[in-house]
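S.K.: Coordinates in target13.cif, mmCIF, C-alpha atoms, are listed below.
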data_my_file
loop_
_atom_site.group_PDB
_atom_site.id
_atom_site.type_symbol
_atom_site.label_atom_id
_atom_site.label_comp_id
_atom_site.auth_asym_id
_atom_site.auth_seq_id
_atom_site.Cartn_x
_atom_site.Cartn_y
_atom_site.Cartn_z
ATOM 1 C CA MET A 51 0.000 0.000 0.000
ATOM 2 C CA TYR A 52 1.386 3.365 -0.981
ATOM 3 C CA THR A 53 1.677 6.480 1.184
ATOM 4 C CA LEU A 54 0.015 9.536 -0.339
ATOM 5 C CA ILE A 55 2.298 12.559 0.022
ATOM 6 C CA ASP A 56 0.015 15.327 1.264
ATOM 7 C CA GLY A 57 1.529 18.590 0.051
ATOM 8 C CA LYS A 58 -1.372 20.602 1.444
ATOM 9 C CA LYS A 59 -0.747 19.330 4.971
ATOM 10 C CA VAL A 60 3.025 19.784 4.811
ATOM 11 C CA ALA A 61 2.621 23.293 3.389
ATOM 12 C CA SER A 62 0.147 24.096 6.174
ATOM 13 C CA ASP A 63 2.626 22.834 8.775
ATOM 14 C CA ILE A 64 5.397 24.995 7.306
ATOM 15 C CA ARG A 65 3.161 28.065 7.140
ATOM 16 C CA ARG A 66 2.395 27.564 10.826
ATOM 17 C CA GLU A 67 6.121 27.342 11.586
ATOM 18 C CA ILE A 68 6.783 30.517 9.590
ATOM 19 C CA SER A 69 3.862 32.288 11.268
ATOM 20 C CA GLU A 70 5.302 31.487 14.687
ATOM 21 C CA GLU A 71 8.679 32.847 13.624
ATOM 22 C CA VAL A 72 7.127 36.040 12.232
ATOM 23 C CA ALA A 73 5.180 36.522 15.485
ATOM 24 C CA LYS A 74 8.470 36.281 17.366
ATOM 25 C CA ILE A 75 10.079 38.834 15.030
ATOM 26 C CA LYS A 76 7.178 41.242 15.648
ATOM 27 C CA LYS A 77 7.362 40.730 19.389
ATOM 28 C CA GLU A 78 11.065 41.563 19.369
ATOM 29 C CA GLY A 79 10.464 44.696 17.293
ATOM 30 C CA GLY A 80 12.088 43.312 14.154
ATOM 31 C CA LYS A 81 11.173 43.949 10.538
ATOM 32 C CA VAL A 82 8.233 41.974 9.149
ATOM 33 C CA PRO A 83 9.159 40.174 5.882
ATOM 34 C CA ASN A 84 7.789 41.860 2.770
ATOM 35 C CA LEU A 85 7.158 40.000 -0.508
ATOM 36 C CA VAL A 86 6.174 41.790 -3.732
ATOM 37 C CA THR A 87 4.817 40.099 -6.864
ATOM 38 C CA ILE A 88 4.901 41.553 -10.384
ATOM 39 C CA LEU A 89 2.195 40.136 -12.657
ATOM 40 C CA VAL A 90 2.079 40.943 -16.366
ATOM 41 C CA GLY A 91 -1.009 40.130 -18.401
ATOM 42 C CA ASP A 92 -4.157 38.140 -17.673
ATOM 43 C CA ASN A 93 -3.050 34.494 -17.737
ATOM 44 C CA ALA A 94 -5.719 32.716 -15.678
ATOM 45 C CA SER A 95 -3.316 30.218 -14.083
ATOM 46 C CA SER A 96 -0.911 32.997 -13.106
ATOM 47 C CA GLN A 97 -3.697 35.090 -11.619
ATOM 48 C CA SER A 98 -4.927 32.176 -9.514
ATOM 49 C CA TYR A 99 -1.411 31.323 -8.379
ATOM 50 C CA VAL A 100 -0.639 34.928 -7.425
ATOM 51 C CA ALA A 101 -3.914 35.249 -5.500
ATOM 52 C CA ASN A 102 -2.976 32.173 -3.470
ATOM 53 C CA LYS A 103 0.493 33.588 -2.782
ATOM 54 C CA LEU A 104 -0.992 36.802 -1.431
ATOM 55 C CA LYS A 105 -3.310 34.744 0.762
ATOM 56 C CA ASP A 106 -0.326 32.732 2.048
ATOM 57 C CA CYS A 107 1.513 35.944 2.964
ATOM 58 C CA GLN A 108 -1.480 37.199 4.910
ATOM 59 C CA GLU A 109 -1.751 33.880 6.768
ATOM 60 C CA VAL A 110 1.854 33.918 7.985
ATOM 61 C CA GLY A 111 1.917 37.632 8.823
ATOM 62 C CA PHE A 112 4.064 38.887 5.933
ATOM 63 C CA GLU A 113 3.559 42.208 4.283
ATOM 64 C CA SER A 114 2.807 41.688 0.606
ATOM 65 C CA SER A 115 1.676 43.585 -2.465
ATOM 66 C CA LEU A 116 0.881 42.985 -6.123
ATOM 67 C CA VAL A 117 2.145 45.112 -9.007
ATOM 68 C CA LYS A 118 -0.057 44.344 -12.021
ATOM 69 C CA TYR A 119 0.572 45.396 -15.622
ATOM 70 C CA ASP A 120 -1.334 44.952 -18.859
ATOM 71 C CA THR A 121 0.070 42.542 -21.434
ATOM 72 C CA ASP A 122 1.308 45.351 -23.692
ATOM 73 C CA ILE A 123 3.625 46.940 -21.118
ATOM 74 C CA SER A 124 7.146 47.400 -22.457
ATOM 75 C CA GLU A 125 10.116 45.396 -21.270
ATOM 76 C CA SER A 126 11.890 48.610 -20.243
ATOM 77 C CA GLU A 127 9.004 49.538 -17.941
ATOM 78 C CA VAL A 128 9.141 46.137 -16.238
ATOM 79 C CA LEU A 129 12.924 46.430 -15.850
ATOM 80 C CA GLY A 130 12.428 49.897 -14.408
ATOM 81 C CA LYS A 131 10.073 48.535 -11.766
ATOM 82 C CA ILE A 132 12.547 45.791 -10.934
ATOM 83 C CA ALA A 133 15.270 48.416 -10.425
ATOM 84 C CA GLU A 134 12.907 50.303 -8.129
ATOM 85 C CA LEU A 135 12.198 47.199 -6.029
ATOM 86 C CA ASN A 136 15.906 46.355 -5.913
ATOM 87 C CA ALA A 137 16.546 49.761 -4.336
ATOM 88 C CA ASP A 138 13.594 49.644 -1.913
ATOM 89 C CA GLU A 139 14.940 48.768 1.545
ATOM 90 C CA HIS A 140 11.460 47.849 2.727
ATOM 91 C CA VAL A 141 11.179 45.014 0.171
ATOM 92 C CA ASP A 142 12.885 41.788 1.239
ATOM 93 C CA GLY A 143 11.971 39.617 -1.729
ATOM 94 C CA PHE A 144 10.040 39.826 -4.951
ATOM 95 C CA ILE A 145 9.102 37.694 -7.911
ATOM 96 C CA VAL A 146 8.121 38.313 -11.499
ATOM 97 C CA GLN A 147 5.400 35.808 -12.290
ATOM 98 C CA LEU A 148 6.184 33.622 -15.297
ATOM 99 C CA PRO A 149 5.349 33.152 -18.119
ATOM 100 C CA LEU A 150 5.807 36.640 -19.551
ATOM 101 C CA PRO A 151 4.477 37.956 -22.880
ATOM 102 C CA ASP A 152 6.673 37.100 -25.869
ATOM 103 C CA HIS A 153 8.038 40.637 -26.246
ATOM 104 C CA ILE A 154 9.578 40.554 -22.753
ATOM 105 C CA SER A 155 12.749 38.505 -22.250
ATOM 106 C CA GLU A 156 12.492 36.206 -19.240
ATOM 107 C CA HIS A 157 16.290 35.981 -19.088
ATOM 108 C CA ARG A 158 16.749 39.767 -18.970
ATOM 109 C CA VAL A 159 14.043 40.079 -16.349
ATOM 110 C CA ILE A 160 15.475 37.342 -14.118
ATOM 111 C CA GLU A 161 19.023 38.686 -14.419
ATOM 112 C CA ALA A 162 17.817 42.185 -13.469
ATOM 113 C CA ILE A 163 16.590 41.004 -10.052
ATOM 114 C CA ASP A 164 18.929 41.633 -7.118
ATOM 115 C CA PRO A 165 20.096 38.103 -6.159
ATOM 116 C CA SER A 166 19.571 38.965 -2.477
ATOM 117 C CA LYS A 167 15.859 39.594 -3.192
ATOM 118 C CA ASP A 168 15.361 36.671 -5.562
ATOM 119 C CA ALA A 169 12.456 34.898 -3.830
ATOM 120 C CA ASP A 170 11.968 32.524 -6.789
ATOM 121 C CA GLY A 171 15.622 31.417 -6.701
ATOM 122 C CA PHE A 172 16.038 31.764 -10.485
ATOM 123 C CA HIS A 173 18.874 34.303 -10.676
ATOM 124 C CA PRO A 174 22.116 32.891 -12.152
ATOM 125 C CA VAL A 175 23.989 33.874 -8.984
ATOM 126 C CA ASN A 176 21.670 31.781 -6.832
ATOM 127 C CA ILE A 177 21.682 28.898 -9.316
ATOM 128 C CA GLY A 178 25.488 29.012 -9.359
ATOM 129 C CA ARG A 179 25.759 29.057 -5.570
ATOM 130 C CA MET A 180 23.289 26.182 -5.353
ATOM 131 C CA THR A 181 25.310 24.189 -7.883
ATOM 132 C CA ILE A 182 28.523 24.362 -5.840
ATOM 133 C CA GLY A 183 26.766 23.850 -2.517
ATOM 134 C CA LEU A 184 26.909 27.385 -1.123
ATOM 135 C CA PRO A 185 23.976 28.934 0.797
ATOM 136 C CA SER A 186 21.471 30.404 -1.647
ATOM 137 C CA TYR A 187 17.813 30.944 -2.352
ATOM 138 C CA LEU A 188 16.635 27.710 -3.931
ATOM 139 C CA PRO A 189 14.254 27.542 -6.906
ATOM 140 C CA ALA A 190 10.802 27.301 -5.377
ATOM 141 C CA THR A 191 9.481 24.046 -6.855
ATOM 142 C CA PRO A 192 12.676 22.003 -6.316
ATOM 143 C CA TYR A 193 12.860 23.447 -2.785
ATOM 144 C CA GLY A 194 9.298 22.283 -2.166
ATOM 145 C CA ILE A 195 10.084 18.816 -3.518
ATOM 146 C CA LEU A 196 13.048 18.492 -1.150
ATOM 147 C CA GLU A 197 10.863 19.460 1.797
ATOM 148 C CA LEU A 198 8.333 16.763 0.905
ATOM 149 C CA ILE A 199 11.058 14.132 0.583
ATOM 150 C CA LYS A 200 12.615 15.105 3.920
ATOM 151 C CA ARG A 201 9.376 15.364 5.867
ATOM 152 C CA TYR A 202 8.153 11.988 4.628
ATOM 153 C CA ASN A 203 11.560 10.436 5.370
ATOM 154 C CA ILE A 204 11.849 9.049 1.852
ATOM 155 C CA PRO A 205 15.245 7.302 1.614
ATOM 156 C CA THR A 206 17.601 9.062 -0.811
ATOM 157 C CA ALA A 207 21.179 8.085 0.042
ATOM 158 C CA GLY A 208 22.519 5.805 -2.668
ATOM 159 C CA LYS A 209 19.119 5.603 -4.366
ATOM 160 C CA ARG A 210 18.676 5.910 -8.114
ATOM 161 C CA CYS A 211 16.696 9.017 -9.020
ATOM 162 C CA VAL A 212 15.425 9.735 -12.533
ATOM 163 C CA VAL A 213 14.266 13.281 -13.271
ATOM 164 C CA VAL A 214 12.047 13.490 -16.358
ATOM 165 C CA GLY A 215 12.406 17.003 -17.758
ATOM 166 C CA ARG A 216 15.317 19.444 -17.997
ATOM 167 C CA SER A 217 13.751 22.875 -17.555
ATOM 168 C CA ASN A 218 15.684 25.595 -15.752
ATOM 169 C CA ILE A 219 12.767 25.987 -13.342
ATOM 170 C CA VAL A 220 12.417 22.368 -12.162
ATOM 171 C CA GLY A 221 14.323 19.595 -13.940
ATOM 172 C CA ARG A 222 17.876 20.909 -13.943
ATOM 173 C CA PRO A 223 17.911 22.391 -10.423
ATOM 174 C CA VAL A 224 16.152 19.456 -8.756
ATOM 175 C CA SER A 225 18.635 17.039 -10.368
ATOM 176 C CA ILE A 226 21.482 19.031 -8.814
ATOM 177 C CA LEU A 227 19.821 19.198 -5.400
ATOM 178 C CA MET A 228 19.091 15.464 -5.336
ATOM 179 C CA SER A 229 22.770 14.705 -5.950
ATOM 180 C CA ARG A 230 24.131 17.054 -3.279
ATOM 181 C CA LYS A 231 25.849 15.798 -0.146
ATOM 182 C CA GLY A 232 23.306 15.013 2.530
ATOM 183 C CA ILE A 233 20.784 13.755 -0.034
ATOM 184 C CA ASP A 234 23.237 11.622 -1.981
ATOM 185 C CA ALA A 235 21.027 10.180 -4.720
ATOM 186 C CA THR A 236 22.512 8.969 -7.987
ATOM 187 C CA VAL A 237 20.698 11.105 -10.533
ATOM 188 C CA THR A 238 19.852 10.680 -14.218
ATOM 189 C CA VAL A 239 18.083 13.385 -16.225
ATOM 190 C CA ALA A 240 15.781 12.156 -18.984
ATOM 191 C CA HIS A 241 14.117 14.356 -21.588
ATOM 192 C CA SER A 242 12.388 14.362 -24.972
ATOM 193 C CA ARG A 243 15.519 13.081 -26.739
ATOM 194 C CA THR A 244 16.171 10.237 -24.305
ATOM 195 C CA PRO A 245 15.602 6.847 -25.981
ATOM 196 C CA ASN A 246 13.553 4.218 -24.177
ATOM 197 C CA ILE A 247 12.622 6.349 -21.167
ATOM 198 C CA GLY A 248 10.395 3.569 -19.843
ATOM 199 C CA ALA A 249 13.308 1.188 -19.336
ATOM 200 C CA LEU A 250 15.288 3.939 -17.604
ATOM 201 C CA LEU A 251 12.435 4.724 -15.233
ATOM 202 C CA LEU A 252 12.056 1.042 -14.346
ATOM 203 C CA GLU A 253 15.480 1.217 -12.693
ATOM 204 C CA ALA A 254 14.577 4.257 -10.548
ATOM 205 C CA ASP A 255 13.943 4.235 -6.807
ATOM 206 C CA ILE A 256 12.747 7.846 -7.062
ATOM 207 C CA VAL A 257 11.007 9.354 -10.092
ATOM 208 C CA ILE A 258 10.501 13.114 -10.403
ATOM 209 C CA ALA A 259 8.228 13.799 -13.376
ATOM 210 C CA ALA A 260 8.430 17.370 -14.675
ATOM 211 C CA LEU A 261 7.802 17.001 -18.386
ATOM 212 C CA GLY A 262 4.456 18.761 -18.781
ATOM 213 C CA ILE A 263 2.789 15.890 -20.677
ATOM 214 C CA PRO A 264 -0.367 14.649 -18.908
ATOM 215 C CA GLY A 265 -0.277 10.982 -17.980
ATOM 216 C CA PHE A 266 3.113 10.390 -19.602
ATOM 217 C CA VAL A 267 4.468 8.117 -16.844
ATOM 218 C CA LYS A 268 2.643 4.781 -17.034
ATOM 219 C CA ALA A 269 2.484 1.881 -14.612
ATOM 220 C CA ASP A 270 4.779 -0.290 -16.759
ATOM 221 C CA MET A 271 7.508 2.351 -16.357
ATOM 222 C CA ILE A 272 7.576 2.183 -12.548
ATOM 223 C CA LYS A 273 9.103 -0.563 -10.434
ATOM 224 C CA HIS A 274 7.409 -1.787 -7.277
ATOM 225 C CA GLY A 275 8.322 0.306 -4.240
ATOM 226 C CA ALA A 276 9.425 3.433 -6.115
ATOM 227 C CA ALA A 277 8.686 6.935 -4.802
ATOM 228 C CA VAL A 278 7.043 9.131 -7.435
ATOM 229 C CA ILE A 279 6.939 12.936 -7.345
ATOM 230 C CA ASP A 280 4.579 14.392 -9.958
ATOM 231 C CA VAL A 281 5.317 18.032 -10.832
ATOM 232 C CA GLY A 282 2.926 18.221 -13.794
ATOM 233 C CA THR A 283 -0.043 20.603 -13.676
ATOM 234 C CA THR A 284 -1.676 20.682 -17.101
ATOM 235 C CA ARG A 285 -5.238 21.877 -17.594
ATOM 236 C CA VAL A 286 -7.255 19.300 -19.528
ATOM 237 C CA SER A 287 -10.859 19.610 -20.688
ATOM 238 C CA CYS A 288 -13.440 18.134 -18.359
ATOM 239 C CA ASP A 289 -17.141 18.556 -19.160
ATOM 240 C CA ASP A 290 -18.124 17.137 -15.760
ATOM 241 C CA LEU A 291 -16.860 20.237 -13.944
ATOM 242 C CA PRO A 292 -18.519 23.668 -14.137
ATOM 243 C CA ARG A 293 -15.203 25.344 -14.946
ATOM 244 C CA GLY A 294 -14.689 22.965 -17.888
ATOM 245 C CA TRP A 295 -11.217 21.734 -16.953
ATOM 246 C CA ARG A 296 -9.191 19.901 -14.325
ATOM 247 C CA LEU A 297 -5.533 19.644 -13.468
ATOM 248 C CA LYS A 298 -3.726 16.518 -14.589
ATOM 249 C CA GLY A 299 -0.217 15.481 -13.658
ATOM 250 C CA ASP A 300 2.522 13.858 -15.704
ATOM 251 C CA VAL A 301 1.828 10.531 -13.972
ATOM 252 C CA ASP A 302 -1.045 8.131 -14.671
ATOM 253 C CA PHE A 303 -1.885 8.237 -10.968
ATOM 254 C CA GLU A 304 -4.669 5.648 -10.821
ATOM 255 C CA ASN A 305 -2.522 2.911 -12.327
ATOM 256 C CA VAL A 306 0.901 3.963 -11.049
ATOM 257 C CA ALA A 307 -0.013 4.541 -7.390
ATOM 258 C CA PRO A 308 -0.542 0.851 -6.444
ATOM 259 C CA LYS A 309 3.083 0.115 -7.394
ATOM 260 C CA CYS A 310 4.556 2.956 -5.313
ATOM 261 C CA SER A 311 5.890 3.347 -1.807
ATOM 262 C CA PHE A 312 5.160 7.103 -1.935
ATOM 263 C CA ILE A 313 3.377 9.243 -4.508
ATOM 264 C CA THR A 314 2.158 12.842 -4.811
ATOM 265 C CA PRO A 315 -1.345 13.646 -6.054
ATOM 266 C CA VAL A 316 -2.235 16.374 -8.558
ATOM 267 C CA PRO A 317 -3.488 18.744 -7.320
ATOM 268 C CA GLY A 318 -2.440 18.838 -3.673
ATOM 269 C CA GLY A 319 1.097 17.501 -3.933
ATOM 270 C CA VAL A 320 3.957 19.663 -5.174
ATOM 271 C CA GLY A 321 1.872 22.768 -5.960
ATOM 272 C CA PRO A 322 1.281 23.979 -2.391
ATOM 273 C CA MET A 323 4.961 23.370 -1.622
ATOM 274 C CA THR A 324 6.087 25.698 -4.409
ATOM 275 C CA ARG A 325 4.190 28.554 -2.795
ATOM 276 C CA VAL A 326 5.480 27.833 0.692
ATOM 277 C CA ALA A 327 9.063 27.740 -0.614
ATOM 278 C CA LEU A 328 8.638 31.377 -1.682
ATOM 279 C CA LEU A 329 7.736 32.219 1.904
ATOM 280 C CA LYS A 330 10.808 30.397 3.215
ATOM 281 C CA ASN A 331 13.085 32.248 0.784
ATOM 282 C CA THR A 332 11.543 35.609 1.721
ATOM 283 C CA LEU A 333 11.866 34.914 5.424
ATOM 284 C CA MET A 334 15.518 34.009 4.937
ATOM 285 C CA ALA A 335 16.087 37.226 2.971
ATOM 286 C CA ALA A 336 14.520 39.314 5.728
ATOM 287 C CA LYS A 337 16.566 37.596 8.431
ATOM 288 C CA LEU A 338 19.808 37.999 6.472
ATOM 289 C CA LYS A 339 19.088 41.689 5.956
ATOM 290 C CA SER A 340 18.432 42.170 9.686
ATOM 291 C CA SER A 341 21.623 40.323 10.645
ATOM 292 C CA ASN A 342 23.697 42.517 8.301
ATOM 293 C CA ARG A 343 22.481 45.774 9.800
#
Output the file's structure as structure tokens, nothing else.
M.R.:
Amino acid sequence: MYTLIDGKKVASDIRREISEEVAKIKKEGGKVPNLVTILVGDNASSQSYVANKLKDCQEVGFESSLVKYDTDISESEVLGKIAELNADEHVDGFIVQLPLPDHISEHRVIEAIDPSKDADGFHPVNIGRMTIGLPSYLPATPYGILELIKRYNIPTAGKRCVVVGRSNIVGRPVSILMSRKGIDATVTVAHSRTPNIGALLLEADIVIAALGIPGFVKADMIKHGAAVIDVGTTRVSCDDLPRGWRLKGDVDFENVAPKCSFITPVPGGVGPMTRVALLKNTLMAAKLKSSNR
């Protein structure tokens, strides 16, 4: 029988821990962490995600605000706002919600963020520090995945881990984190050009699926007793629901789950952990700023 990894519960536990720490900061007269979000355009998924982040901030006692722009805003205007937030001593961390419109370069935007305020953990400085094992702000989704693995005591040392997907947001960074000292997994990264992915996955003790293809990972690709982390969140049509869609992961959950030792659901697995990782990064930024004063 598999153990369902409850990301909602773990995220709730972490928010409570953060809330207690923020209450202590307030009691001692310290600075309350402040997280700012820049949202460009009207992408429905982004709007929902940002609304939840603002709610999370309120729950833990953070200050937070949303800077919203229409889709046709220029790249230079967005970069100007980033420069303003970089210089604002009251702001501890901020994020620019992705994806951005095609006329705005994600790379230029990410590189413009002050690495010390990089709540998403995407800046090349933070990625570089993470890669060589130095303290850094970790990319939010990989950070959330690590928290789930640790809090469920999923064995990692010496285990074979296959990461399906090589994006800069999830696949690449989580493969690095899983191989770091203290976690000690032996990691393989598979992607769209990898031949015979199914056979590769059959050798894995831990599978992290971050490909963005609904139901890609089938039961015949998973060995008995494997731990499966499903990062996929694709909207698929569903006439049975009033909204007309539902979220589907990269894993064929119904058929894969019986073979697993641990597995995350979609929704309710990795998603809530991504949001709580932003809070952890922002709290760390605020504490570092206070200690440097």
S.K.: Of the residues A:Ile258, A:Ile182, A:Ala94, A:Ile226, which is the one nearest to Ile199 in chain A, using only C-alpha atoms?
M.R.: A:Ile258
S.K.: To verify the selection step, state as an MDAnalysis selection string which residues the PyMOL selection byres ((chain A and resi 153-166) around 8) yields on this input.
M.R.: chainID A and resid 124:125 128:129 132:133 136 143 146 148:152 167:168 172:176 335
S.K.: Those residues you just picked out, can you put them in a file as an mmCIF file, in the coordinates of the input with C-alpha atoms?
M.R.:
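As written to disk, result.cif reads:
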data_model
loop_
_atom_site.group_PDB
_atom_site.id
_atom_site.type_symbol
_atom_site.label_atom_id
_atom_site.label_comp_id
_atom_site.auth_asym_id
_atom_site.auth_seq_id
_atom_site.Cartn_x
_atom_site.Cartn_y
_atom_site.Cartn_z
ATOM 1 C CA SER A 124 7.146 47.400 -22.457
ATOM 2 C CA GLU A 125 10.116 45.396 -21.270
ATOM 3 C CA VAL A 128 9.141 46.137 -16.238
ATOM 4 C CA LEU A 129 12.924 46.430 -15.850
ATOM 5 C CA ILE A 132 12.547 45.791 -10.934
ATOM 6 C CA ALA A 133 15.270 48.416 -10.425
ATOM 7 C CA ASN A 136 15.906 46.355 -5.913
ATOM 8 C CA GLY A 143 11.971 39.617 -1.729
ATOM 9 C CA VAL A 146 8.121 38.313 -11.499
ATOM 10 C CA LEU A 148 6.184 33.622 -15.297
ATOM 11 C CA PRO A 149 5.349 33.152 -18.119
ATOM 12 C CA LEU A 150 5.807 36.640 -19.551
ATOM 13 C CA PRO A 151 4.477 37.956 -22.880
ATOM 14 C CA ASP A 152 6.673 37.100 -25.869
ATOM 15 C CA LYS A 167 15.859 39.594 -3.192
ATOM 16 C CA ASP A 168 15.361 36.671 -5.562
ATOM 17 C CA PHE A 172 16.038 31.764 -10.485
ATOM 18 C CA HIS A 173 18.874 34.303 -10.676
ATOM 19 C CA PRO A 174 22.116 32.891 -12.152
ATOM 20 C CA VAL A 175 23.989 33.874 -8.984
ATOM 21 C CA ASN A 176 21.670 31.781 -6.832
ATOM 22 C CA ALA A 335 16.087 37.226 2.971
#
S.K.: Within 12 Å of range 76-79 of chain A, counting all atoms listed in the file, which residues show up once you throw out same-chain ones fewer than 5 positions away? Write them as JSON, numbers by chain, please.
M.R.: {"A": [69, 70, 71, 110, 111, 112, 113, 340]}
S.K.: For Ala169 in chain A, which of A:Pro189, A:Gly215, A:Pro245, A:Pro292 is the closest residue, counting all atoms listed in the file?
M.R.: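 Looking at the shortest contact to Ala169 in chain A, the residue is A:Pro189.
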S.K.: As a check of understanding, name the residues that the PyMOL selection byres ((chain A and resi 305-318) around 6) selects in the supplied structure, as a VMD selection string.
M.R.: chain A and resid 52 to 55 57 to 58 269 274 to 280 299 302 to 304 319
S.K.: Pick out the closest residue to Arg65 in chain A from this set: A:Val117, A:Leu135, A:Ile272, A:Leu329. Count only C-alpha atoms.
M.R.: A:Leu329
S.K.: Put a box with edges along x, y and z around all the listed atoms of range 260-278 of chain A, pad it by 5 Å on each side, then give me its centre and sizes in Å, one decimal, as lines of an AutoDock Vina configuration file.
M.R.:
center_x = 4.5
center_y = 8.5
center_z = -12.5
size_x = 19.8
size_y = 30.5
size_z = 26.4
S.K.: List, as a JSON list (two decimals) with C-alpha atoms, in the frame of the given file, every residue that the PyMOL selection byres ((chain A and resi 250) around 12) selects in the file provided.
M.R.:
[["chain", "number", "residue", "atom", "x", "y", "z"],
["A", 210, "ARG", "CA", 18.68, 5.91, -8.11],
["A", 211, "CYS", "CA", 16.70, 9.02, -9.02],
["A", 212, "VAL", "CA", 15.42, 9.74, -12.53],
["A", 213, "VAL", "CA", 14.27, 13.28, -13.27],
["A", 214, "VAL", "CA", 12.05, 13.49, -16.36],
["A", 237, "VAL", "CA", 20.70, 11.10, -10.53],
["A", 238, "THR", "CA", 19.85, 10.68, -14.22],
["A", 239, "VAL", "CA", 18.08, 13.38, -16.23],
["A", 240, "ALA", "CA", 15.78, 12.16, -18.98],
["A", 241, "HIS", "CA", 14.12, 14.36, -21.59],
["A", 244, "THR", "CA", 16.17, 10.24, -24.30],
["A", 245, "PRO", "CA", 15.60, 6.85, -25.98],
["A", 246, "ASN", "CA", 13.55, 4.22, -24.18],
["A", 247, "ILE", "CA", 12.62, 6.35, -21.17],
["A", 248, "GLY", "CA", 10.40, 3.57, -19.84],
["A", 249, "ALA", "CA", 13.31, 1.19, -19.34],
["A", 251, "LEU", "CA", 12.44, 4.72, -15.23],
["A", 252, "LEU", "CA", 12.06, 1.04, -14.35],
["A", 253, "GLU", "CA", 15.48, 1.22, -12.69],
["A", 254, "ALA", "CA", 14.58, 4.26, -10.55],
["A", 255, "ASP", "CA", 13.94, 4.24, -6.81],
["A", 256, "ILE", "CA", 12.75, 7.85, -7.06],
["A", 257, "VAL", "CA", 11.01, 9.35, -10.09],
["A", 267, "VAL", "CA", 4.47, 8.12, -16.84],
["A", 270, "ASP", "CA", 4.78, -0.29, -16.76],
["A", 271, "MET", "CA", 7.51, 2.35, -16.36],
["A", 272, "ILE", "CA", 7.58, 2.18, -12.55],
["A", 273, "LYS", "CA", 9.10, -0.56, -10.43]]
S.K.: Any idea what's packed within 10 Å of Leu188 in chain A, counting all atoms listed in the file, ignoring anything in its chain fewer than 6 positions away? Could you give it as a PyMOL selection string?
M.R.: chain A and resi 168-173+176-177+179-180+194+223-224+227+327-328+330-331
S.K.: I need the residue nearest Thr324 in chain A from this list: A:Lys209, A:Lys118, A:Lys337, A:Lys103. Use only C-alpha atoms for the distance.
M.R.: A:Lys103
S.K.: Could you name the residues that touch Ala101 in chain A at 12 Å or less, counting all atoms listed in the file, but leaving out those on the same chain fewer than 4 positions away, as number ranges by chain?
M.R.: A: 87-89, 94-97, 105-108, 114-116, 118, 147, 325
S.K.: Take range 137-168 of chain A from the block and save it with C-alpha atoms, as a short mmCIF file (atom, residue, chain, number, x, y, z; two decimals), in the first residue's frame.
M.R.:
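Output file result-v4.cif is given in full below:
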data_model
loop_
_atom_site.label_atom_id
_atom_site.label_comp_id
_atom_site.auth_asym_id
_atom_site.auth_seq_id
_atom_site.Cartn_x
_atom_site.Cartn_y
_atom_site.Cartn_z
CA ALA A 137 16.55 49.76 -4.34
CA ASP A 138 13.59 49.64 -1.91
CA GLU A 139 14.94 48.77 1.54
CA HIS A 140 11.46 47.85 2.73
CA VAL A 141 11.18 45.01 0.17
CA ASP A 142 12.89 41.79 1.24
CA GLY A 143 11.97 39.62 -1.73
CA PHE A 144 10.04 39.83 -4.95
CA ILE A 145 9.10 37.69 -7.91
CA VAL A 146 8.12 38.31 -11.50
CA GLN A 147 5.40 35.81 -12.29
CA LEU A 148 6.18 33.62 -15.30
CA PRO A 149 5.35 33.15 -18.12
CA LEU A 150 5.81 36.64 -19.55
CA PRO A 151 4.48 37.96 -22.88
CA ASP A 152 6.67 37.10 -25.87
CA HIS A 153 8.04 40.64 -26.25
CA ILE A 154 9.58 40.55 -22.75
CA SER A 155 12.75 38.50 -22.25
CA GLU A 156 12.49 36.21 -19.24
CA HIS A 157 16.29 35.98 -19.09
CA ARG A 158 16.75 39.77 -18.97
CA VAL A 159 14.04 40.08 -16.35
CA ILE A 160 15.47 37.34 -14.12
CA GLU A 161 19.02 38.69 -14.42
CA ALA A 162 17.82 42.18 -13.47
CA ILE A 163 16.59 41.00 -10.05
CA ASP A 164 18.93 41.63 -7.12
CA PRO A 165 20.10 38.10 -6.16
CA SER A 166 19.57 38.96 -2.48
CA LYS A 167 15.86 39.59 -3.19
CA ASP A 168 15.36 36.67 -5.56
#
